[in-house]
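What follows is a single structure, written as C-alpha coordinates, with notes after it.
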Amino acid sequence: MNDLNTIISTFSGEDQQHFINYLEKKNKRRDAKNIQLFKLLLHDNLNSKDLCFKLYKNDSRNAYHALRKRLYQSIIDFIANVSLQEEKAIDMQIIKYVLASRICLQHKQYKAAYKILDKAETLATEHHLFPLLNEIYHTKIQYAYVNPSIDINHLISKFKYNQKNHQLEDQLNIVYAKIRQTINNNIYKGDIVDFQTIFNATLKEYNISFNESMSFKSLYQLIAINSFSAFVTNDYLKIEPFLISTYKSILKHKDREKQLYYHIEILYLIANTLFRNKKFNDSMHYLNMMHDRMKGKRKKHYNTFKLKHSLLLSLNLNYSNKQDEAINLLTPLAIIKHEDIETLLDINLSLVMFYFQKNDLKKAYSLFSKFYHTDKWYTEKAGKEWVIKKHLMEILLHIELKNIDLVDSRLLSFKRNHSNYLKEINQQRALIFLSLAEDCYKNPEIITSETFKSKVENAFEWISKDREDIFVMSFYAWLKCKMENQPLYYTTLNMIKL
(Lines give C-alpha, C1' and ligand atoms only; values in the text may rest on other atoms or scores of the structure.)
Protein backbone atom coordinates (compact mmCIF):
# COMPACT_ATOMS: atom_id res chain seq x y z
CA MET A 1 0.00 0.00 0.00
CA ASN A 2 1.61 3.31 -1.08
CA ASP A 3 1.48 6.62 0.80
CA LEU A 4 -1.60 7.95 -1.00
CA ASN A 5 -3.63 4.78 -0.46
CA THR A 6 -2.46 4.57 3.15
CA ILE A 7 -3.65 8.09 3.99
CA ILE A 8 -6.98 7.59 2.19
CA SER A 9 -7.60 4.36 4.14
CA THR A 10 -7.67 6.40 7.38
CA PHE A 11 -10.54 8.66 6.20
CA SER A 12 -13.93 8.14 7.80
CA GLY A 13 -17.07 8.41 5.64
CA GLU A 14 -17.53 11.99 6.83
CA ASP A 15 -13.87 12.82 6.08
CA GLN A 16 -14.33 11.47 2.56
CA GLN A 17 -17.33 13.71 1.91
CA HIS A 18 -15.61 16.77 3.40
CA PHE A 19 -12.57 16.15 1.21
CA ILE A 20 -14.71 15.82 -1.92
CA ASN A 21 -16.40 19.13 -1.02
CA TYR A 22 -12.95 20.65 -0.51
CA LEU A 23 -11.86 19.48 -3.99
CA GLU A 24 -15.06 20.77 -5.60
CA LYS A 25 -14.41 24.26 -4.20
CA LYS A 26 -10.75 24.10 -5.15
CA ASN A 27 -11.22 22.86 -8.73
CA LYS A 28 -11.15 25.64 -11.31
CA ARG A 29 -11.65 23.35 -14.30
CA ARG A 30 -14.75 21.26 -14.87
CA ASP A 31 -12.75 18.38 -16.36
CA ALA A 32 -10.52 17.93 -13.27
CA LYS A 33 -10.19 14.21 -12.52
CA ASN A 34 -8.98 14.41 -8.92
CA ILE A 35 -12.40 13.57 -7.43
CA GLN A 36 -12.80 10.64 -9.82
CA LEU A 37 -9.35 9.29 -8.87
CA PHE A 38 -10.11 9.71 -5.16
CA LYS A 39 -13.34 7.71 -5.49
CA LEU A 40 -11.59 4.99 -7.50
CA LEU A 41 -8.87 4.66 -4.85
CA LEU A 42 -11.55 4.45 -2.17
CA HIS A 43 -13.68 1.72 -3.68
CA ASP A 44 -11.79 -0.13 -6.42
CA ASN A 45 -8.80 -2.43 -6.00
CA LEU A 46 -7.13 -1.44 -9.28
CA ASN A 47 -3.49 -1.24 -10.30
CA SER A 48 -1.93 1.84 -11.93
CA LYS A 49 -2.55 0.61 -15.49
CA ASP A 50 -6.24 -0.08 -14.87
CA LEU A 51 -6.68 3.29 -13.16
CA CYS A 52 -5.10 4.99 -16.18
CA PHE A 53 -7.61 3.43 -18.55
CA LYS A 54 -10.53 4.23 -16.21
CA LEU A 55 -9.53 7.89 -16.13
CA TYR A 56 -8.13 8.57 -19.62
CA LYS A 57 -9.33 5.63 -21.77
CA ASN A 58 -5.67 5.04 -22.68
CA ASP A 59 -2.29 4.42 -21.05
CA SER A 60 -1.48 8.05 -20.18
CA ARG A 61 1.04 7.26 -17.46
CA ASN A 62 2.55 10.75 -17.24
CA ALA A 63 -0.85 12.42 -16.86
CA TYR A 64 -1.90 9.81 -14.30
CA HIS A 65 1.19 10.25 -12.11
CA ALA A 66 0.88 14.04 -12.29
CA LEU A 67 -2.75 13.70 -11.17
CA ARG A 68 -1.73 11.44 -8.26
CA LYS A 69 0.86 14.02 -7.17
CA ARG A 70 -1.73 16.80 -7.20
CA LEU A 71 -4.25 14.67 -5.30
CA TYR A 72 -1.60 13.75 -2.71
CA GLN A 73 -0.76 17.43 -2.16
CA SER A 74 -4.46 18.30 -1.87
CA ILE A 75 -4.91 15.62 0.78
CA ILE A 76 -1.92 16.95 2.78
CA ASP A 77 -3.33 20.51 2.58
CA PHE A 78 -6.80 19.29 3.59
CA ILE A 79 -5.49 17.33 6.61
CA ALA A 80 -3.33 20.28 7.70
CA ASN A 81 -6.25 22.73 7.45
CA VAL A 82 -8.59 20.46 9.41
CA SER A 83 -5.90 19.90 12.06
CA LEU A 84 -5.34 23.64 12.43
CA GLN A 85 -9.07 24.22 12.78
CA GLU A 86 -9.72 21.42 15.26
CA GLU A 87 -6.55 20.84 17.26
CA LYS A 88 -4.83 24.20 17.33
CA ALA A 89 -7.79 26.47 18.08
CA ILE A 90 -6.73 26.94 21.73
CA ASP A 91 -3.06 27.40 20.84
CA MET A 92 -3.91 30.00 18.20
CA GLN A 93 -6.19 31.86 20.61
CA ILE A 94 -3.42 32.05 23.22
CA ILE A 95 -0.88 33.23 20.64
CA LYS A 96 -3.33 35.95 19.57
CA TYR A 97 -3.70 37.02 23.22
CA VAL A 98 0.09 37.19 23.70
CA LEU A 99 0.60 39.18 20.49
CA ALA A 100 -2.24 41.56 21.35
CA SER A 101 -0.87 42.09 24.87
CA ARG A 102 2.57 42.96 23.50
CA ILE A 103 1.06 45.58 21.18
CA CYS A 104 -0.78 47.05 24.18
CA LEU A 105 2.44 47.09 26.21
CA GLN A 106 4.29 48.88 23.42
CA HIS A 107 1.56 51.53 23.47
CA LYS A 108 1.75 51.73 27.28
CA GLN A 109 -1.74 50.26 27.74
CA TYR A 110 -0.44 48.26 30.71
CA LYS A 111 -3.71 47.46 32.48
CA ALA A 112 -5.36 46.14 29.28
CA ALA A 113 -2.21 44.16 28.41
CA TYR A 114 -2.11 42.34 31.76
CA LYS A 115 -5.83 41.51 31.59
CA ILE A 116 -5.21 39.88 28.20
CA LEU A 117 -2.15 38.03 29.54
CA ASP A 118 -4.21 36.75 32.51
CA LYS A 119 -6.74 35.28 30.08
CA ALA A 120 -3.93 33.66 28.10
CA GLU A 121 -2.37 32.24 31.29
CA THR A 122 -5.65 30.72 32.47
CA LEU A 123 -6.25 29.07 29.10
CA ALA A 124 -2.68 27.77 28.74
CA THR A 125 -2.67 26.40 32.31
CA GLU A 126 -5.95 24.52 31.75
CA HIS A 127 -4.51 22.83 28.68
CA HIS A 128 -0.96 22.20 30.00
CA LEU A 129 0.60 24.22 27.17
CA PHE A 130 3.98 24.74 28.81
CA PRO A 131 5.82 26.41 25.87
CA LEU A 132 3.07 29.04 25.57
CA LEU A 133 3.01 29.57 29.35
CA ASN A 134 6.73 30.22 29.11
CA GLU A 135 6.06 33.06 26.65
CA ILE A 136 3.29 34.48 28.85
CA TYR A 137 5.45 34.49 32.01
CA HIS A 138 8.40 35.88 30.06
CA THR A 139 6.26 38.84 28.93
CA LYS A 140 4.73 39.41 32.37
CA ILE A 141 8.17 39.41 34.04
CA GLN A 142 9.66 41.67 31.37
CA TYR A 143 7.05 44.38 32.05
CA ALA A 144 6.55 43.74 35.77
CA TYR A 145 8.17 47.08 36.62
CA VAL A 146 5.20 48.98 35.10
CA ASN A 147 2.63 47.12 37.22
CA PRO A 148 3.05 47.86 40.96
CA SER A 149 0.42 45.26 41.93
CA ILE A 150 2.54 42.42 40.52
CA ASP A 151 4.35 40.20 43.04
CA ILE A 152 7.43 39.58 40.92
CA ASN A 153 8.81 36.85 43.20
CA HIS A 154 5.55 34.89 42.94
CA LEU A 155 5.63 35.38 39.16
CA ILE A 156 9.20 34.12 38.97
CA SER A 157 8.23 31.06 41.06
CA LYS A 158 5.40 30.23 38.63
CA PHE A 159 7.79 30.72 35.72
CA LYS A 160 10.34 28.29 37.24
CA TYR A 161 7.62 25.75 38.10
CA ASN A 162 6.40 25.85 34.50
CA GLN A 163 9.97 25.39 33.26
CA LYS A 164 10.25 22.24 35.39
CA ASN A 165 7.01 20.86 33.91
CA HIS A 166 8.18 21.70 30.40
CA GLN A 167 11.52 20.01 31.05
CA LEU A 168 9.75 16.96 32.51
CA GLU A 169 7.60 16.70 29.40
CA ASP A 170 10.71 16.84 27.19
CA GLN A 171 12.55 14.28 29.34
CA LEU A 172 9.62 11.90 29.33
CA ASN A 173 9.45 12.20 25.56
CA ILE A 174 13.15 11.19 25.37
CA VAL A 175 12.62 8.27 27.76
CA TYR A 176 9.56 7.13 25.78
CA ALA A 177 11.56 7.28 22.53
CA LYS A 178 14.52 5.36 23.97
CA ILE A 179 12.39 2.63 25.53
CA ARG A 180 10.20 2.35 22.45
CA GLN A 181 13.30 1.89 20.29
CA THR A 182 14.55 -0.83 22.66
CA ILE A 183 11.17 -2.57 22.46
CA ASN A 184 11.16 -2.38 18.65
CA ASN A 185 14.64 -3.90 18.47
CA ASN A 186 13.48 -6.66 20.80
CA ILE A 187 10.18 -7.37 19.00
CA TYR A 188 10.87 -6.69 15.33
CA LYS A 189 14.55 -7.56 15.02
CA GLY A 190 14.88 -10.29 17.63
CA ASP A 191 17.68 -8.50 19.53
CA ILE A 192 18.36 -9.92 22.98
CA VAL A 193 18.23 -7.16 25.59
CA ASP A 194 17.84 -6.90 29.34
CA PHE A 195 14.82 -4.64 29.08
CA GLN A 196 14.16 -4.25 32.80
CA THR A 197 17.67 -2.96 33.44
CA ILE A 198 17.40 -0.49 30.53
CA PHE A 199 13.94 0.57 31.70
CA ASN A 200 15.03 1.28 35.28
CA ALA A 201 18.28 2.95 34.23
CA THR A 202 16.53 5.26 31.74
CA LEU A 203 13.90 6.38 34.27
CA LYS A 204 16.64 6.97 36.85
CA GLU A 205 18.80 8.90 34.40
CA TYR A 206 16.01 11.39 33.72
CA ASN A 207 14.51 11.33 37.23
CA ILE A 208 10.99 10.60 35.94
CA SER A 209 8.14 10.41 38.44
CA PHE A 210 4.38 10.91 38.31
CA ASN A 211 3.30 14.54 38.39
CA GLU A 212 -0.25 15.88 38.44
CA SER A 213 0.82 18.75 36.17
CA MET A 214 1.86 16.47 33.33
CA SER A 215 0.23 17.01 29.95
CA PHE A 216 -2.21 14.42 28.63
CA LYS A 217 0.40 13.29 26.09
CA SER A 218 3.01 12.82 28.84
CA LEU A 219 0.58 10.80 30.96
CA TYR A 220 -0.06 8.59 27.95
CA GLN A 221 3.69 8.12 27.47
CA LEU A 222 4.14 7.20 31.14
CA ILE A 223 1.32 4.64 30.86
CA ALA A 224 2.74 3.32 27.58
CA ILE A 225 6.22 2.87 29.10
CA ASN A 226 4.73 0.76 31.89
CA SER A 227 2.71 -1.23 29.34
CA PHE A 228 5.86 -1.92 27.33
CA SER A 229 7.57 -3.27 30.43
CA ALA A 230 4.59 -5.58 31.04
CA PHE A 231 4.74 -6.77 27.42
CA VAL A 232 8.39 -7.75 27.72
CA THR A 233 8.11 -9.34 31.17
CA ASN A 234 4.60 -10.79 30.65
CA ASP A 235 3.67 -9.34 34.04
CA TYR A 236 0.50 -7.39 33.34
CA LEU A 237 -0.87 -7.93 36.83
CA LYS A 238 1.79 -5.68 38.35
CA ILE A 239 0.95 -2.62 36.23
CA GLU A 240 -2.87 -2.84 36.35
CA PRO A 241 -3.38 -0.72 39.53
CA PHE A 242 -1.03 1.98 38.17
CA LEU A 243 -2.90 2.17 34.86
CA ILE A 244 -6.33 2.44 36.50
CA SER A 245 -5.28 5.06 39.06
CA THR A 246 -3.42 7.12 36.45
CA TYR A 247 -6.45 7.06 34.17
CA LYS A 248 -8.65 8.34 36.99
CA SER A 249 -6.31 11.29 37.40
CA ILE A 250 -6.49 11.91 33.65
CA LEU A 251 -10.27 12.29 33.85
CA LYS A 252 -9.70 15.47 35.86
CA HIS A 253 -7.79 17.06 32.98
CA LYS A 254 -9.67 19.75 31.10
CA ASP A 255 -7.75 18.98 27.91
CA ARG A 256 -8.74 15.32 27.77
CA GLU A 257 -11.07 15.93 24.82
CA LYS A 258 -8.56 18.16 23.08
CA GLN A 259 -6.00 15.34 23.08
CA LEU A 260 -8.55 12.73 22.04
CA TYR A 261 -6.01 10.53 20.24
CA TYR A 262 -4.03 9.94 23.44
CA HIS A 263 -7.24 9.36 25.41
CA ILE A 264 -8.18 6.54 23.01
CA GLU A 265 -4.65 5.09 23.21
CA ILE A 266 -4.80 5.00 27.01
CA LEU A 267 -8.20 3.28 27.05
CA TYR A 268 -6.84 0.66 24.64
CA LEU A 269 -3.77 0.01 26.83
CA ILE A 270 -5.97 -0.44 29.92
CA ALA A 271 -8.41 -2.73 28.08
CA ASN A 272 -5.52 -4.82 26.75
CA THR A 273 -3.96 -5.13 30.21
CA LEU A 274 -7.27 -6.25 31.70
CA PHE A 275 -7.68 -8.82 28.92
CA ARG A 276 -4.17 -10.19 29.52
CA ASN A 277 -5.13 -10.44 33.22
CA LYS A 278 -8.22 -12.43 32.16
CA LYS A 279 -10.68 -9.79 33.41
CA PHE A 280 -12.82 -9.92 30.30
CA ASN A 281 -15.87 -7.97 31.53
CA ASP A 282 -13.67 -5.15 32.81
CA SER A 283 -11.73 -5.13 29.56
CA MET A 284 -14.91 -4.87 27.51
CA HIS A 285 -16.08 -1.99 29.73
CA TYR A 286 -12.98 0.00 28.76
CA LEU A 287 -13.40 -1.07 25.14
CA ASN A 288 -16.91 0.43 25.20
CA MET A 289 -15.43 3.65 26.55
CA MET A 290 -12.78 3.52 23.85
CA HIS A 291 -15.44 3.06 21.16
CA ASP A 292 -17.37 6.07 22.45
CA ARG A 293 -14.21 8.18 22.18
CA MET A 294 -13.52 6.80 18.70
CA LYS A 295 -16.84 8.29 17.59
CA GLY A 296 -15.84 11.70 18.93
CA LYS A 297 -14.86 14.67 16.73
CA ARG A 298 -16.86 13.30 13.79
CA LYS A 299 -15.07 9.91 14.01
CA LYS A 300 -11.74 11.56 13.29
CA HIS A 301 -9.72 8.67 14.79
CA TYR A 302 -12.25 5.88 14.14
CA ASN A 303 -10.47 4.23 11.22
CA THR A 304 -7.10 4.46 12.96
CA PHE A 305 -8.27 2.37 15.91
CA LYS A 306 -11.09 0.22 14.50
CA LEU A 307 -8.89 -2.85 13.85
CA LYS A 308 -7.24 -2.78 17.29
CA HIS A 309 -10.60 -2.30 18.99
CA SER A 310 -12.28 -5.12 17.04
CA LEU A 311 -9.37 -7.53 17.60
CA LEU A 312 -9.29 -6.99 21.35
CA LEU A 313 -13.09 -7.18 21.58
CA SER A 314 -13.08 -10.48 19.65
CA LEU A 315 -10.42 -11.96 21.96
CA ASN A 316 -12.51 -11.02 24.99
CA LEU A 317 -15.58 -12.59 23.38
CA ASN A 318 -13.71 -15.76 22.45
CA TYR A 319 -12.50 -16.33 26.00
CA SER A 320 -15.94 -15.44 27.40
CA ASN A 321 -17.54 -18.45 25.67
CA LYS A 322 -18.84 -16.33 22.77
CA GLN A 323 -16.66 -17.78 20.07
CA ASP A 324 -19.13 -17.45 17.18
CA GLU A 325 -19.54 -13.74 17.93
CA ALA A 326 -15.75 -13.37 17.93
CA ILE A 327 -15.44 -15.10 14.55
CA ASN A 328 -18.28 -13.08 13.01
CA LEU A 329 -16.66 -9.86 14.21
CA LEU A 330 -13.24 -10.59 12.70
CA THR A 331 -14.14 -12.40 9.47
CA PRO A 332 -15.01 -9.29 7.38
CA LEU A 333 -11.95 -7.44 8.74
CA ALA A 334 -9.46 -10.14 7.74
CA ILE A 335 -9.74 -9.27 4.04
CA ILE A 336 -9.74 -5.47 4.12
CA LYS A 337 -6.85 -3.14 3.28
CA HIS A 338 -5.54 -1.02 6.13
CA GLU A 339 -2.35 0.79 7.07
CA ASP A 340 -2.15 -1.18 10.36
CA ILE A 341 -0.57 -4.32 8.88
CA GLU A 342 0.51 -5.65 12.27
CA THR A 343 -3.06 -5.71 13.60
CA LEU A 344 -4.32 -7.24 10.33
CA LEU A 345 -1.83 -10.08 10.81
CA ASP A 346 -2.96 -10.48 14.44
CA ILE A 347 -6.57 -10.64 13.23
CA ASN A 348 -5.81 -13.40 10.74
CA LEU A 349 -3.77 -15.44 13.22
CA SER A 350 -6.49 -15.01 15.86
CA LEU A 351 -9.09 -16.32 13.42
CA VAL A 352 -6.90 -19.36 12.78
CA MET A 353 -6.74 -19.91 16.56
CA PHE A 354 -10.51 -19.51 16.96
CA TYR A 355 -11.26 -22.11 14.27
CA PHE A 356 -8.57 -24.41 15.67
CA GLN A 357 -10.13 -24.22 19.14
CA LYS A 358 -13.52 -24.86 17.52
CA ASN A 359 -12.08 -27.97 15.85
CA ASP A 360 -12.90 -26.61 12.38
CA LEU A 361 -9.47 -27.66 11.15
CA LYS A 362 -10.13 -27.27 7.42
CA LYS A 363 -11.19 -23.67 7.87
CA ALA A 364 -8.24 -23.00 10.16
CA TYR A 365 -5.79 -24.46 7.64
CA SER A 366 -7.44 -22.63 4.74
CA LEU A 367 -6.88 -19.32 6.54
CA PHE A 368 -3.37 -20.29 7.58
CA SER A 369 -2.38 -21.09 3.99
CA LYS A 370 -2.75 -17.37 3.18
CA PHE A 371 0.42 -16.63 5.19
CA TYR A 372 2.73 -16.83 2.19
CA HIS A 373 5.40 -14.23 3.06
CA THR A 374 8.86 -15.04 4.43
CA ASP A 375 9.66 -15.13 8.13
CA LYS A 376 11.85 -12.08 7.64
CA TRP A 377 8.88 -10.10 6.26
CA TYR A 378 6.58 -11.18 9.10
CA THR A 379 9.25 -10.36 11.71
CA GLU A 380 9.59 -6.83 10.32
CA LYS A 381 5.81 -6.31 10.23
CA ALA A 382 4.61 -8.11 13.36
CA GLY A 383 7.64 -9.13 15.42
CA LYS A 384 9.56 -12.24 16.41
CA GLU A 385 6.99 -13.42 18.95
CA TRP A 386 4.25 -13.35 16.29
CA VAL A 387 6.39 -15.51 13.98
CA ILE A 388 7.00 -18.05 16.75
CA LYS A 389 3.24 -18.23 17.55
CA LYS A 390 2.53 -18.70 13.85
CA HIS A 391 4.93 -21.67 13.59
CA LEU A 392 3.62 -23.28 16.79
CA MET A 393 0.08 -22.99 15.42
CA GLU A 394 1.17 -24.51 12.12
CA ILE A 395 2.78 -27.51 13.83
CA LEU A 396 -0.35 -28.19 15.92
CA LEU A 397 -2.52 -27.89 12.80
CA HIS A 398 -0.44 -30.47 10.96
CA ILE A 399 -0.54 -32.80 13.98
CA GLU A 400 -4.34 -32.58 14.12
CA LEU A 401 -4.63 -33.04 10.34
CA LYS A 402 -2.22 -36.01 10.59
CA ASN A 403 0.21 -34.53 8.06
CA ILE A 404 3.05 -36.54 9.58
CA ASP A 405 5.77 -35.67 7.05
CA LEU A 406 5.00 -31.96 7.38
CA VAL A 407 5.07 -32.19 11.19
CA ASP A 408 8.60 -33.60 11.11
CA SER A 409 9.91 -30.97 8.72
CA ARG A 410 8.21 -28.07 10.58
CA LEU A 411 9.54 -29.31 13.95
CA LEU A 412 13.06 -29.52 12.56
CA SER A 413 12.77 -26.07 11.01
CA PHE A 414 11.40 -24.55 14.23
CA LYS A 415 14.22 -25.94 16.37
CA ARG A 416 16.85 -24.84 13.86
CA ASN A 417 15.53 -21.28 13.51
CA HIS A 418 14.24 -20.45 17.00
CA SER A 419 15.93 -22.62 19.65
CA ASN A 420 18.85 -20.29 20.34
CA TYR A 421 16.61 -17.22 20.51
CA LEU A 422 14.15 -18.91 22.92
CA LYS A 423 16.99 -20.03 25.20
CA GLU A 424 18.55 -16.55 25.20
CA ILE A 425 15.26 -14.93 26.30
CA ASN A 426 14.71 -17.70 28.86
CA GLN A 427 11.64 -19.13 27.12
CA GLN A 428 12.76 -22.76 26.81
CA ARG A 429 9.25 -23.85 27.79
CA ALA A 430 8.19 -23.39 24.15
CA LEU A 431 10.77 -26.04 23.22
CA ILE A 432 9.58 -28.29 26.07
CA PHE A 433 5.99 -27.87 24.83
CA LEU A 434 7.04 -28.91 21.32
CA SER A 435 8.85 -31.96 22.67
CA LEU A 436 5.64 -33.04 24.46
CA ALA A 437 3.57 -32.29 21.33
CA GLU A 438 5.96 -34.52 19.39
CA ASP A 439 5.31 -37.32 21.90
CA CYS A 440 1.57 -36.87 21.34
CA TYR A 441 1.67 -37.43 17.60
CA LYS A 442 4.36 -40.13 17.60
CA ASN A 443 2.93 -42.12 20.51
CA PRO A 444 -0.79 -41.25 20.77
CA GLU A 445 -1.46 -44.30 22.96
CA ILE A 446 0.52 -42.82 25.89
CA ILE A 447 -1.28 -39.47 26.00
CA THR A 448 -3.93 -40.42 28.58
CA SER A 449 -1.53 -42.46 30.72
CA GLU A 450 -0.54 -41.38 34.22
CA THR A 451 3.10 -41.60 33.19
CA PHE A 452 2.64 -38.97 30.47
CA LYS A 453 0.52 -36.74 32.73
CA SER A 454 3.28 -36.88 35.33
CA LYS A 455 5.85 -36.04 32.65
CA VAL A 456 3.87 -32.94 31.65
CA GLU A 457 3.38 -31.96 35.31
CA ASN A 458 7.12 -32.09 35.97
CA ALA A 459 8.18 -30.54 32.67
CA PHE A 460 7.37 -26.93 33.53
CA GLU A 461 7.82 -24.48 36.36
CA TRP A 462 4.15 -23.67 36.83
CA ILE A 463 3.00 -20.23 37.98
CA SER A 464 -0.42 -19.13 39.26
CA LYS A 465 -3.30 -18.79 36.80
CA ASP A 466 -3.71 -15.09 37.43
CA ARG A 467 -0.08 -14.40 36.41
CA GLU A 468 0.30 -16.87 33.54
CA ASP A 469 0.03 -15.46 30.02
CA ILE A 470 -3.35 -16.21 28.43
CA PHE A 471 -1.85 -17.26 25.09
CA VAL A 472 0.67 -19.56 26.77
CA MET A 473 -2.24 -21.14 28.65
CA SER A 474 -4.06 -21.62 25.34
CA PHE A 475 -1.17 -23.73 24.04
CA TYR A 476 -1.02 -25.72 27.29
CA ALA A 477 -4.77 -26.32 26.93
CA TRP A 478 -4.07 -28.33 23.77
CA LEU A 479 -1.89 -30.75 25.77
CA LYS A 480 -4.46 -30.92 28.56
CA CYS A 481 -7.37 -31.65 26.20
CA LYS A 482 -5.38 -34.57 24.75
CA MET A 483 -4.63 -35.99 28.19
CA GLU A 484 -8.23 -35.65 29.37
CA ASN A 485 -9.85 -36.50 26.02
CA GLN A 486 -11.98 -33.33 26.14
CA PRO A 487 -12.79 -30.72 23.44
CA LEU A 488 -10.07 -28.07 23.14
CA TYR A 489 -12.30 -25.01 23.50
CA TYR A 490 -13.99 -26.42 26.62
CA THR A 491 -10.58 -27.22 28.13
CA THR A 492 -9.22 -23.77 27.29
CA LEU A 493 -12.12 -21.94 28.95
CA ASN A 494 -11.81 -24.10 32.07
CA MET A 495 -8.08 -23.49 32.29
CA ILE A 496 -8.31 -19.70 32.14
CA LYS A 497 -11.31 -19.40 34.46
CA LEU A 498 -10.12 -17.59 37.59
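Going through the C-alpha coordinates in order, the chains are called A, B, and so on, while each chain numbers its residues from 1 and the ligands are numbered from 1 in the order shown.
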
Return as a PyMOL selection string the full set of residues in segment 218-449 of chain A whose backbone-based DSSP assignment is alpha helix (DSSP H).
chain A and resi 218-233+236-250+260-276+280-294+296-299+302-318+323-330+341-357+361-368+375-382+384-400+404-424+429-442

Long-range neighbours of Tyr268 of chain A as a VMD selection string, 7 Å cut-off, only C-alpha atoms, 3 positions minimum in chain
chain A and resid 264 to 265 271 to 272 287 290

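For segment 2-11 of chain A, the list of residues within 7 Å, based on only C-alpha atoms and with local chain neighbours fewer than 4 positions off taken out, reads Asp15, Gln16, Leu41, Tyr72, Asn303, Thr304, His338 and Glu339 of chain A.
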
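Proximity of A:Leu401, A:Lys278, A:Tyr97, A:Ser74 to Met495 of chain A, computed with only C-alpha atoms, is greatest for A:Lys278.
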
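The neighbours of Met473 of chain A here are the residues that come within 9 Å of it, using only C-alpha atoms and leaving out any residue fewer than 4 positions away in the same chain; they are Lys465, Glu468, Asp469, Ala477, Trp478, Thr492, Met495 and Ile496 of chain A.
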
Would you export the selected residues with N, CA and C atoms as a PDB file, in the first residue's frame, please?
```pdb
ATOM      1  N   LYS A 465      -2.457 -19.099  37.958  1.00  0.00           N
ATOM      2  CA  LYS A 465      -3.304 -18.791  36.797  1.00  0.00           C
ATOM      3  C   LYS A 465      -3.428 -17.298  36.544  1.00  0.00           C
ATOM      4  N   GLU A 468      -0.118 -16.206  34.784  1.00  0.00           N
ATOM      5  CA  GLU A 468       0.302 -16.870  33.540  1.00  0.00           C
ATOM      6  C   GLU A 468      -0.305 -16.183  32.325  1.00  0.00           C
ATOM      7  N   ASP A 469       0.478 -16.096  31.254  1.00  0.00           N
ATOM      8  CA  ASP A 469       0.026 -15.459  30.017  1.00  0.00           C
ATOM      9  C   ASP A 469      -1.117 -16.257  29.390  1.00  0.00           C
ATOM     10  N   ALA A 477      -3.431 -25.713  26.978  1.00  0.00           N
ATOM     11  CA  ALA A 477      -4.766 -26.323  26.933  1.00  0.00           C
ATOM     12  C   ALA A 477      -4.834 -27.431  25.893  1.00  0.00           C
ATOM     13  N   TRP A 478      -4.068 -27.282  24.811  1.00  0.00           N
ATOM     14  CA  TRP A 478      -4.069 -28.327  23.771  1.00  0.00           C
ATOM     15  C   TRP A 478      -3.528 -29.635  24.345  1.00  0.00           C
ATOM     16  N   THR A 492      -9.832 -25.106  27.228  1.00  0.00           N
ATOM     17  CA  THR A 492      -9.218 -23.770  27.287  1.00  0.00           C
ATOM     18  C   THR A 492      -9.976 -22.862  28.235  1.00  0.00           C
ATOM     19  N   MET A 495      -9.430 -23.791  31.808  1.00  0.00           N
ATOM     20  CA  MET A 495      -8.081 -23.491  32.286  1.00  0.00           C
ATOM     21  C   MET A 495      -7.921 -22.025  32.683  1.00  0.00           C
ATOM     22  N   ILE A 496      -8.532 -21.131  31.892  1.00  0.00           N
ATOM     23  CA  ILE A 496      -8.311 -19.698  32.140  1.00  0.00           C
ATOM     24  C   ILE A 496      -9.315 -19.110  33.124  1.00  0.00           C
TER      25      ILE A 496
END
```

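Proximity ranking of A:Tyr220, A:Phe356, A:Phe242, A:Phe53 relative to Leu172 of chain A places A:Tyr220 first, based on only C-alpha atoms.
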
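With atom CA of Leu313 of chain A on one side and atom CA of Ile463 of chain A on the other, the separation reads 26.4 Å.
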
Got a sec: who's within 12 Å of Asp118 of chain A, counting only C-alpha atoms, leaving out chain neighbours fewer than 2 positions off, as JSON, numbers by chain?
{"A": [94, 97, 98, 101, 111, 112, 113, 114, 115, 116, 120, 121, 122, 123, 124, 125, 133, 136, 137, 139, 140, 150, 155]}

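If you measure from each of A:Ile141, A:Ala100, A:Leu434, A:Met284 to Lys160 of chain A using only C-alpha atoms, the closest one turns out to be A:Ile141.
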